[in-house]
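S.K.: Let me begin by handing over the structure; questions about it come next.
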2 protein chains.
Amino acid sequence: MVSQRQRSPGRPTLEEVAAAAGVGRGTVSRVVNGSPQVSPAAKEAVERAIADLGYVPNRAARALVTQRTDSVALVVSESEDRVFGQPFFAGIIRGISSSLAETPLQLWLAMAQSSAERVRLNLHLTRQHVDGVLLLSLHDDDPLPALLADRDLPVVLGGRTASMLGTPEAAPVSFVDVDNVGGARLATTHLVAADRRRIATIAGPQDMGAGVARLAGYRDAMAAESRSVDSRLIAYGDFTEDSGIVAMRQLLAARPDIDAVFAANDPMALGALRVLRDSGRRVPEDVAVVGFDDSVIASQTQPTLTSVHQPIEEMGRAMVRLLYDKIRGIQPDAPYIILGTHLVERDSG
Amino acid sequence: MVSQRQRSPGRPTLEEVAAAAGVGRGTVSRVVNGSPQVSPAAKEAVERAIADLGYVPNRAARALVTQRTDSVALVVSESEDRVFGQPFFAGIIRGISSSLAETPLQLWLAMAQSSAERVRLNLHLTRQHVDGVLLLSLHDDDPLPALLADRDLPVVLGGRTASMLGTPEAAPVSFVDVDNVGGARLATTHLVAADRRRIATIAGPQDMGAGVARLAGYRDAMAAESRSVDSRLIAYGDFTEDSGIVAMRQLLAARPDIDAVFAANDPMALGALRVLRDSGRRVPEDVAVVGFDDSVIASQTQPTLTSVHQPIEEMGRAMVRLLYDKIRGIQPDAPYIILGTHLVERDSG
DNA sequence: AGCTTTCATGGGAGCGCTCCCGCAGTGTTT
DNA sequence: AAACACTGCGGGAGCGCTCCCATGAAAGCT
């Protein structure tokens, strides 16, 4: 085996560039890092040498001295199945990755489902390894944000925990979220306006901000319309389609006279559609269904699904914006960003 | 602003661990790297010091001297939309990421759609930045594999180009693929056996191995059953649902008497289902439809979709296995792995 | 006992870079 | 003409680690 100390000849160092350009190491470094303290002549010589030699700075060496790594981690506290199964993640990752492309930052991808993975992750989420962390799909009891804050690592959450719903300005960590309460209110009010009498909801997990908020929005809207909320009108799922199926069955068993359902996300709405069809009910004639996400699948179901639209990709972009500012030590305009939603009406209700 | 040269006090260095354990730097390094050349007493002292101080090795420093980075890049030559929209990618990334968790390797995620991104990517895909590269969704004319081979970077392809179909052992680069020809043959033969007379196919892009191979499998099977293949029985898509819609319309226009369609992947089969329904044809009574992927959506369409199953997650795992061996300089058993497929029969045909 | 071999150990060198100090050269002010 | 400021530049120091060599102690051999 070849000695590891041997450098592959193709990769020139700063020093070699300096020699080729006939200047000192410092000058090359200044050019590479865009310092204005370089004469045009020197700058040009260096740039030519860089092009000639195909010089690319060594990240490790740079990281060692600057204590920056120019990389951020995207941590998803969820199993891979869910991450990639759900269009929501697809959209947000799309936004993140496209936005990151405009910065010098590189993206680490880390799923944290098993505890072994979490331990390992823990070791790697330090200033030595990443400059910042994007957290997705956080559950309320997750210790990660506190841990990272402790390490003084910039963090931005996608979504927020239930405790940050009331007073976002008091949130201990930056986040980007949509107005889930407002969105759920929109959906519910829409069903009321369509003259539905017995409006049920399939709520999300109550240990996640989105789950809590969307249920709160439903309750709000019902109260605003002076509709009483029977507890049998509420069933809980975990944002997966399967859980939507189970929840819809529960609802039908408890209140067979239901004529509308607001599901806290699209996959659960899909499950509901399936159960309703199997039970012989027509959508939207017998039961109206409204989802939340306005994901691609919403327009592909039969009937197509009315759903609350959230600007998912923009969420990803905003997360990166916030994090990049933090990393550079720039005080962001606001420590958090809340984006709006609107209802997209289709055939299901 | 705080000077950047200041180390955050919480992160101890090797040297500090050595001092705490009362040994030299070398000994600590040996313990950390699992060298057997350490006395039990020293080892224990070092391990306690590491635990006490919460020492984590500095990746950058290590990378600088070893010329290894302990990270690999996953490059997807496709837009994010497609990557995350298609369940195929979800599965393969799942396999990759779970398999990577058992190695010391970290995963970089890189999409390469725009040319700007590709240029930037190019600069980063060097030995200095990653130890190896996983390539997904490669088009035949992509210069990346050659470029990476040139840089002496270990590469493993997910799927293969058309030129590697005939003689896989001559492939210039390692790959993991499924037996696409065999799978397509399975699907087509199944339709023949079901007594379908006019079997059409929606083929994938012909600049990708999977597209070419699945069409070849269809042709093979048709020939084997002495069915003539009218060129009007073949339409082409690009693996997206939309392209499936377009292709199906073409087929129906050219040959309205079609009674079966084999689509080269599930999303295109979905598009076909949609068009067939819109045209008033019943599936499977009037037209049978078979897809390829056996993705989650296959069991959710109406009617549920008969599809060729490929072990997607295992593909991801195999890719990592191959790459990790290469990185460690271990000669793998075979430079490529081809996995089997089987048909999952459902309602559509 | 005297020799060689083995083994654990400490620490120097150096990976490629940035930061910063000090120097020279030029321009500006008194 | 002297004093000063400023600007561009070279190169030393050092980031935290691994590799390897020299060292001394312990063990094995004749």
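In the structure tokens, chains take letters A, B, ... by order of appearance, with residues numbered from 1 within each chain and ligands from 1 in the order shown.
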Once DSSP has gone over the backbone, tell me which residues of region 47-253 of chain A are in alpha helix (DSSP H), as an MDAnalysis selection string.

M.R.: chainID A and resid 47:53 59:66 80:85 87:100 115:124 144:150 180:193 209:224 241:253

S.K.: Could you dump the residues just selected with C-alpha atoms as an mmCIF file, in the first residue's frame?

M.R.:
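The resulting file, result-v6.cif, is shown below:
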```cif
data_model
loop_
_atom_site.group_PDB
_atom_site.id
_atom_site.type_symbol
_atom_site.label_atom_id
_atom_site.label_comp_id
_atom_site.auth_asym_id
_atom_site.auth_seq_id
_atom_site.Cartn_x
_atom_site.Cartn_y
_atom_site.Cartn_z
ATOM 1 C CA GLU A 47 -5.288 33.975 -10.300
ATOM 2 C CA ARG A 48 -3.466 32.713 -13.324
ATOM 3 C CA ALA A 49 -1.375 30.370 -11.226
ATOM 4 C CA ILE A 50 -4.495 29.060 -9.531
ATOM 5 C CA ALA A 51 -6.131 28.393 -12.868
ATOM 6 C CA ASP A 52 -2.992 26.810 -14.304
ATOM 7 C CA LEU A 53 -2.411 24.487 -11.417
ATOM 8 C CA ARG A 59 -10.854 22.342 3.580
ATOM 9 C CA ALA A 60 -9.304 20.455 6.452
ATOM 10 C CA ALA A 61 -6.350 22.772 6.732
ATOM 11 C CA ARG A 62 -8.559 25.797 6.557
ATOM 12 C CA ALA A 63 -10.998 24.384 9.074
ATOM 13 C CA LEU A 64 -8.164 23.593 11.426
ATOM 14 C CA VAL A 65 -7.056 27.164 11.676
ATOM 15 C CA THR A 66 -10.287 29.073 11.248
ATOM 16 C CA GLU A 80 -35.964 7.506 7.000
ATOM 17 C CA ASP A 81 -39.230 5.920 5.966
ATOM 18 C CA ARG A 82 -41.133 8.907 7.008
ATOM 19 C CA VAL A 83 -38.694 11.480 5.847
ATOM 20 C CA PHE A 84 -38.649 10.356 2.319
ATOM 21 C CA GLY A 85 -42.143 9.045 2.234
ATOM 22 C CA PRO A 87 -43.713 15.091 0.442
ATOM 23 C CA PHE A 88 -43.400 17.641 3.186
ATOM 24 C CA PHE A 89 -39.787 16.712 3.821
ATOM 25 C CA ALA A 90 -39.060 16.534 0.151
ATOM 26 C CA GLY A 91 -40.147 20.130 -0.251
ATOM 27 C CA ILE A 92 -38.292 21.472 2.696
ATOM 28 C CA ILE A 93 -35.085 19.700 1.786
ATOM 29 C CA ARG A 94 -35.461 21.036 -1.709
ATOM 30 C CA GLY A 95 -35.665 24.569 -0.339
ATOM 31 C CA ILE A 96 -32.733 24.028 1.968
ATOM 32 C CA SER A 97 -30.494 22.543 -0.622
ATOM 33 C CA SER A 98 -31.224 25.122 -3.287
ATOM 34 C CA SER A 99 -30.695 27.940 -0.845
ATOM 35 C CA LEU A 100 -27.498 26.448 0.494
ATOM 36 C CA SER A 115 -30.571 5.577 19.752
ATOM 37 C CA ALA A 116 -27.222 4.351 18.470
ATOM 38 C CA GLU A 117 -27.439 6.829 15.671
ATOM 39 C CA ARG A 118 -28.379 9.547 18.098
ATOM 40 C CA VAL A 119 -25.354 8.903 20.255
ATOM 41 C CA ARG A 120 -23.075 8.993 17.308
ATOM 42 C CA LEU A 121 -24.750 12.102 16.043
ATOM 43 C CA ASN A 122 -24.269 13.715 19.378
ATOM 44 C CA LEU A 123 -20.548 13.344 19.117
ATOM 45 C CA HIS A 124 -20.452 14.880 15.732
ATOM 46 C CA LEU A 144 -31.162 18.085 21.142
ATOM 47 C CA PRO A 145 -31.871 21.834 20.938
ATOM 48 C CA ALA A 146 -30.796 22.398 24.532
ATOM 49 C CA LEU A 147 -27.691 20.330 23.996
ATOM 50 C CA LEU A 148 -26.712 22.212 20.908
ATOM 51 C CA ALA A 149 -27.416 25.570 22.484
ATOM 52 C CA ASP A 150 -25.147 24.452 25.286
ATOM 53 C CA ASN A 180 -50.615 26.296 11.674
ATOM 54 C CA VAL A 181 -53.370 27.617 13.878
ATOM 55 C CA GLY A 182 -54.497 30.003 11.177
ATOM 56 C CA GLY A 183 -54.342 27.310 8.520
ATOM 57 C CA ALA A 184 -56.425 24.899 10.536
ATOM 58 C CA ARG A 185 -58.900 27.683 11.229
ATOM 59 C CA LEU A 186 -59.143 28.299 7.504
ATOM 60 C CA ALA A 187 -59.911 24.673 6.816
ATOM 61 C CA THR A 188 -62.479 24.376 9.560
ATOM 62 C CA THR A 189 -64.223 27.622 8.749
ATOM 63 C CA HIS A 190 -64.421 26.503 5.159
ATOM 64 C CA LEU A 191 -66.252 23.363 6.209
ATOM 65 C CA VAL A 192 -68.603 25.366 8.394
ATOM 66 C CA ALA A 193 -69.299 27.717 5.520
ATOM 67 C CA GLY A 209 -46.087 21.798 17.669
ATOM 68 C CA ALA A 210 -47.778 21.259 14.345
ATOM 69 C CA GLY A 211 -50.057 18.639 15.841
ATOM 70 C CA VAL A 212 -51.061 20.821 18.763
ATOM 71 C CA ALA A 213 -51.459 23.979 16.697
ATOM 72 C CA ARG A 214 -53.639 22.473 14.013
ATOM 73 C CA LEU A 215 -55.929 21.007 16.628
ATOM 74 C CA ALA A 216 -56.060 24.379 18.362
ATOM 75 C CA GLY A 217 -57.013 26.026 15.081
ATOM 76 C CA TYR A 218 -59.827 23.563 14.611
ATOM 77 C CA ARG A 219 -61.084 24.214 18.138
ATOM 78 C CA ASP A 220 -60.783 27.970 17.667
ATOM 79 C CA ALA A 221 -62.802 27.960 14.506
ATOM 80 C CA MET A 222 -65.440 25.686 15.944
ATOM 81 C CA ALA A 223 -65.766 27.903 18.994
ATOM 82 C CA ALA A 224 -65.918 31.012 16.847
ATOM 83 C CA GLU A 241 -51.410 7.472 6.247
ATOM 84 C CA ASP A 242 -51.878 4.319 8.276
ATOM 85 C CA SER A 243 -52.638 6.315 11.372
ATOM 86 C CA GLY A 244 -55.162 8.296 9.341
ATOM 87 C CA ILE A 245 -56.926 5.070 8.460
ATOM 88 C CA VAL A 246 -57.125 3.995 12.071
ATOM 89 C CA ALA A 247 -58.309 7.413 13.193
ATOM 90 C CA MET A 248 -61.012 7.627 10.542
ATOM 91 C CA ARG A 249 -62.335 4.226 11.549
ATOM 92 C CA GLN A 250 -62.504 5.377 15.156
ATOM 93 C CA LEU A 251 -64.378 8.496 14.181
ATOM 94 C CA LEU A 252 -66.914 6.588 12.117
ATOM 95 C CA ALA A 253 -67.425 4.061 14.873
#
```

S.K.: Give me the residues of chain C that have any atom at most 12 Å from an atom of chain B; for each, the nearest atom pair and the distance in Å, rounded to one decimal. Use only C-alpha atoms (C1' of nucleotides), sort by chain and number, and format it as a Markdown table.

M.R.:
```
| residue | atom | partner | partner_atom | distance |
| --- | --- | --- | --- | --- |
| C:DT6 | C1' | B:Gln37 | CA | 11.5 |
| C:DC7 | C1' | B:Gln37 | CA | 7.6 |
| C:DA8 | C1' | B:Val38 | CA | 6.1 |
| C:DT9 | C1' | B:Thr27 | CA | 7.0 |
| C:DG10 | C1' | B:Gly24 | CA | 5.4 |
| C:DG11 | C1' | B:Gly24 | CA | 7.5 |
| C:DG12 | C1' | B:Gly26 | CA | 11.3 |
| C:DA13 | C1' | B:Val65 | CA | 11.7 |
| C:DG14 | C1' | B:Val65 | CA | 8.4 |
| C:DC15 | C1' | B:Val65 | CA | 4.5 |
| C:DG16 | C1' | B:Leu64 | CA | 7.4 |
| C:DC17 | C1' | B:Leu64 | CA | 9.9 |
| C:DT18 | C1' | B:Arg5 | CA | 9.7 |
| C:DC19 | C1' | B:Arg5 | CA | 8.4 |
| C:DC20 | C1' | B:Arg5 | CA | 11.3 |
```

S.K.: Using only C-alpha atoms (C1' of nucleotides), what does the table of chain D residues within 12 Å of chain A look like, with each row giving the shortest atom pair and its distance in Å to one decimal, sorted by chain and ascending number, as a Markdown table?

M.R.:
```
| residue | atom | partner | partner_atom | distance |
| --- | --- | --- | --- | --- |
| D:DC6 | C1' | A:Gln37 | CA | 11.6 |
| D:DT7 | C1' | A:Gln37 | CA | 7.5 |
| D:DG8 | C1' | A:Val38 | CA | 6.2 |
| D:DC9 | C1' | A:Thr27 | CA | 6.9 |
| D:DG10 | C1' | A:Gly24 | CA | 5.4 |
| D:DG11 | C1' | A:Gly24 | CA | 7.4 |
| D:DG12 | C1' | A:Gly26 | CA | 11.3 |
| D:DA13 | C1' | A:Val65 | CA | 11.7 |
| D:DG14 | C1' | A:Val65 | CA | 8.4 |
| D:DC15 | C1' | A:Val65 | CA | 4.6 |
| D:DG16 | C1' | A:Leu64 | CA | 7.4 |
| D:DC17 | C1' | A:Leu64 | CA | 9.9 |
| D:DT18 | C1' | A:Arg5 | CA | 9.7 |
| D:DC19 | C1' | A:Arg5 | CA | 8.5 |
| D:DC20 | C1' | A:Arg5 | CA | 11.3 |
```

S.K.: With C-alpha atoms (C1' of nucleotides) retained, export the selected residues as a PDB file, in the first residue's frame.

M.R.:
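Contents of the output file out-v7.pdb:
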```pdb
ATOM      1  C1'  DC D   6      -0.500  54.111   4.572  1.00  0.00           C
ATOM      2  C1'  DT D   7      -0.403  50.130   1.604  1.00  0.00           C
ATOM      3  C1'  DG D   8       1.212  45.752  -0.208  1.00  0.00           C
ATOM      4  C1'  DC D   9       3.764  42.026   0.886  1.00  0.00           C
ATOM      5  C1'  DG D  10       6.618  37.940   2.937  1.00  0.00           C
ATOM      6  C1'  DG D  11       6.939  34.620   6.043  1.00  0.00           C
ATOM      7  C1'  DG D  12       6.859  32.807  11.117  1.00  0.00           C
ATOM      8  C1'  DA D  13       3.797  30.703  14.272  1.00  0.00           C
ATOM      9  C1'  DG D  14       0.536  27.557  15.228  1.00  0.00           C
ATOM     10  C1'  DC D  15      -4.267  25.107  14.627  1.00  0.00           C
ATOM     11  C1'  DG D  16      -4.761  19.401  16.495  1.00  0.00           C
ATOM     12  C1'  DC D  17      -3.652  15.498  14.854  1.00  0.00           C
ATOM     13  C1'  DT D  18      -0.929  11.052  13.067  1.00  0.00           C
ATOM     14  C1'  DC D  19       3.249   8.940  11.923  1.00  0.00           C
ATOM     15  C1'  DC D  20       7.450   7.363  13.036  1.00  0.00           C
TER      16       DC D  20
END
```

S.K.: Rank nothing, just name the residue among B:Thr240, B:Thr167, B:Gln300, B:Thr161 nearest to chain A, using only C-alpha atoms.

M.R.: B:Gln300

S.K.: Determine the nearest neighbour of Thr13 (chain B) from the options B:Gly54, B:Pro36, B:Gly271, B:Gly349, counting only C-alpha atoms.

M.R.: B:Gly54

S.K.: Applying 10 Å and only C-alpha atoms (C1' of nucleotides), which residues near Glu169 (chain A) remain after dropping the ones on its own chain fewer than 3 positions away? List them as a ChimeraX atom specification.

M.R.: /A:164-166,172-174,334-336

S.K.: To one decimal place, how far is CA of His342 (chain A) from CA of Asp141 (chain A) in Å?

M.R.: 29.8 Å

S.K.: What does the distance between CA of Ala21 (chain A) and CA of Val46 (chain A) come to in Å, to one decimal place?

M.R.: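 Atom-to-atom, CA of Ala21 (chain A) to CA of Val46 (chain A), that is 5.2 Å.
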
S.K.: Using DSSP on the backbone coordinates, identify all residues within region 47-104 of chain B classified as strand (DSSP E or B); present the result as number ranges by chain.

M.R.: B: 71-76

S.K.: Pick from B:Ser279, B:Ser348, B:Ser226, B:Gln302: nearest to chain A, with only C-alpha atoms counted?

M.R.: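 Closest candidate: B:Gln302.
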
S.K.: From the list A:Asp286, A:Asp230, A:Asp152, A:Glu15, which residue is nearest chain B when using only C-alpha atoms?

M.R.: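 Residue with the minimum atom-to-atom distance to chain B: A:Asp152.
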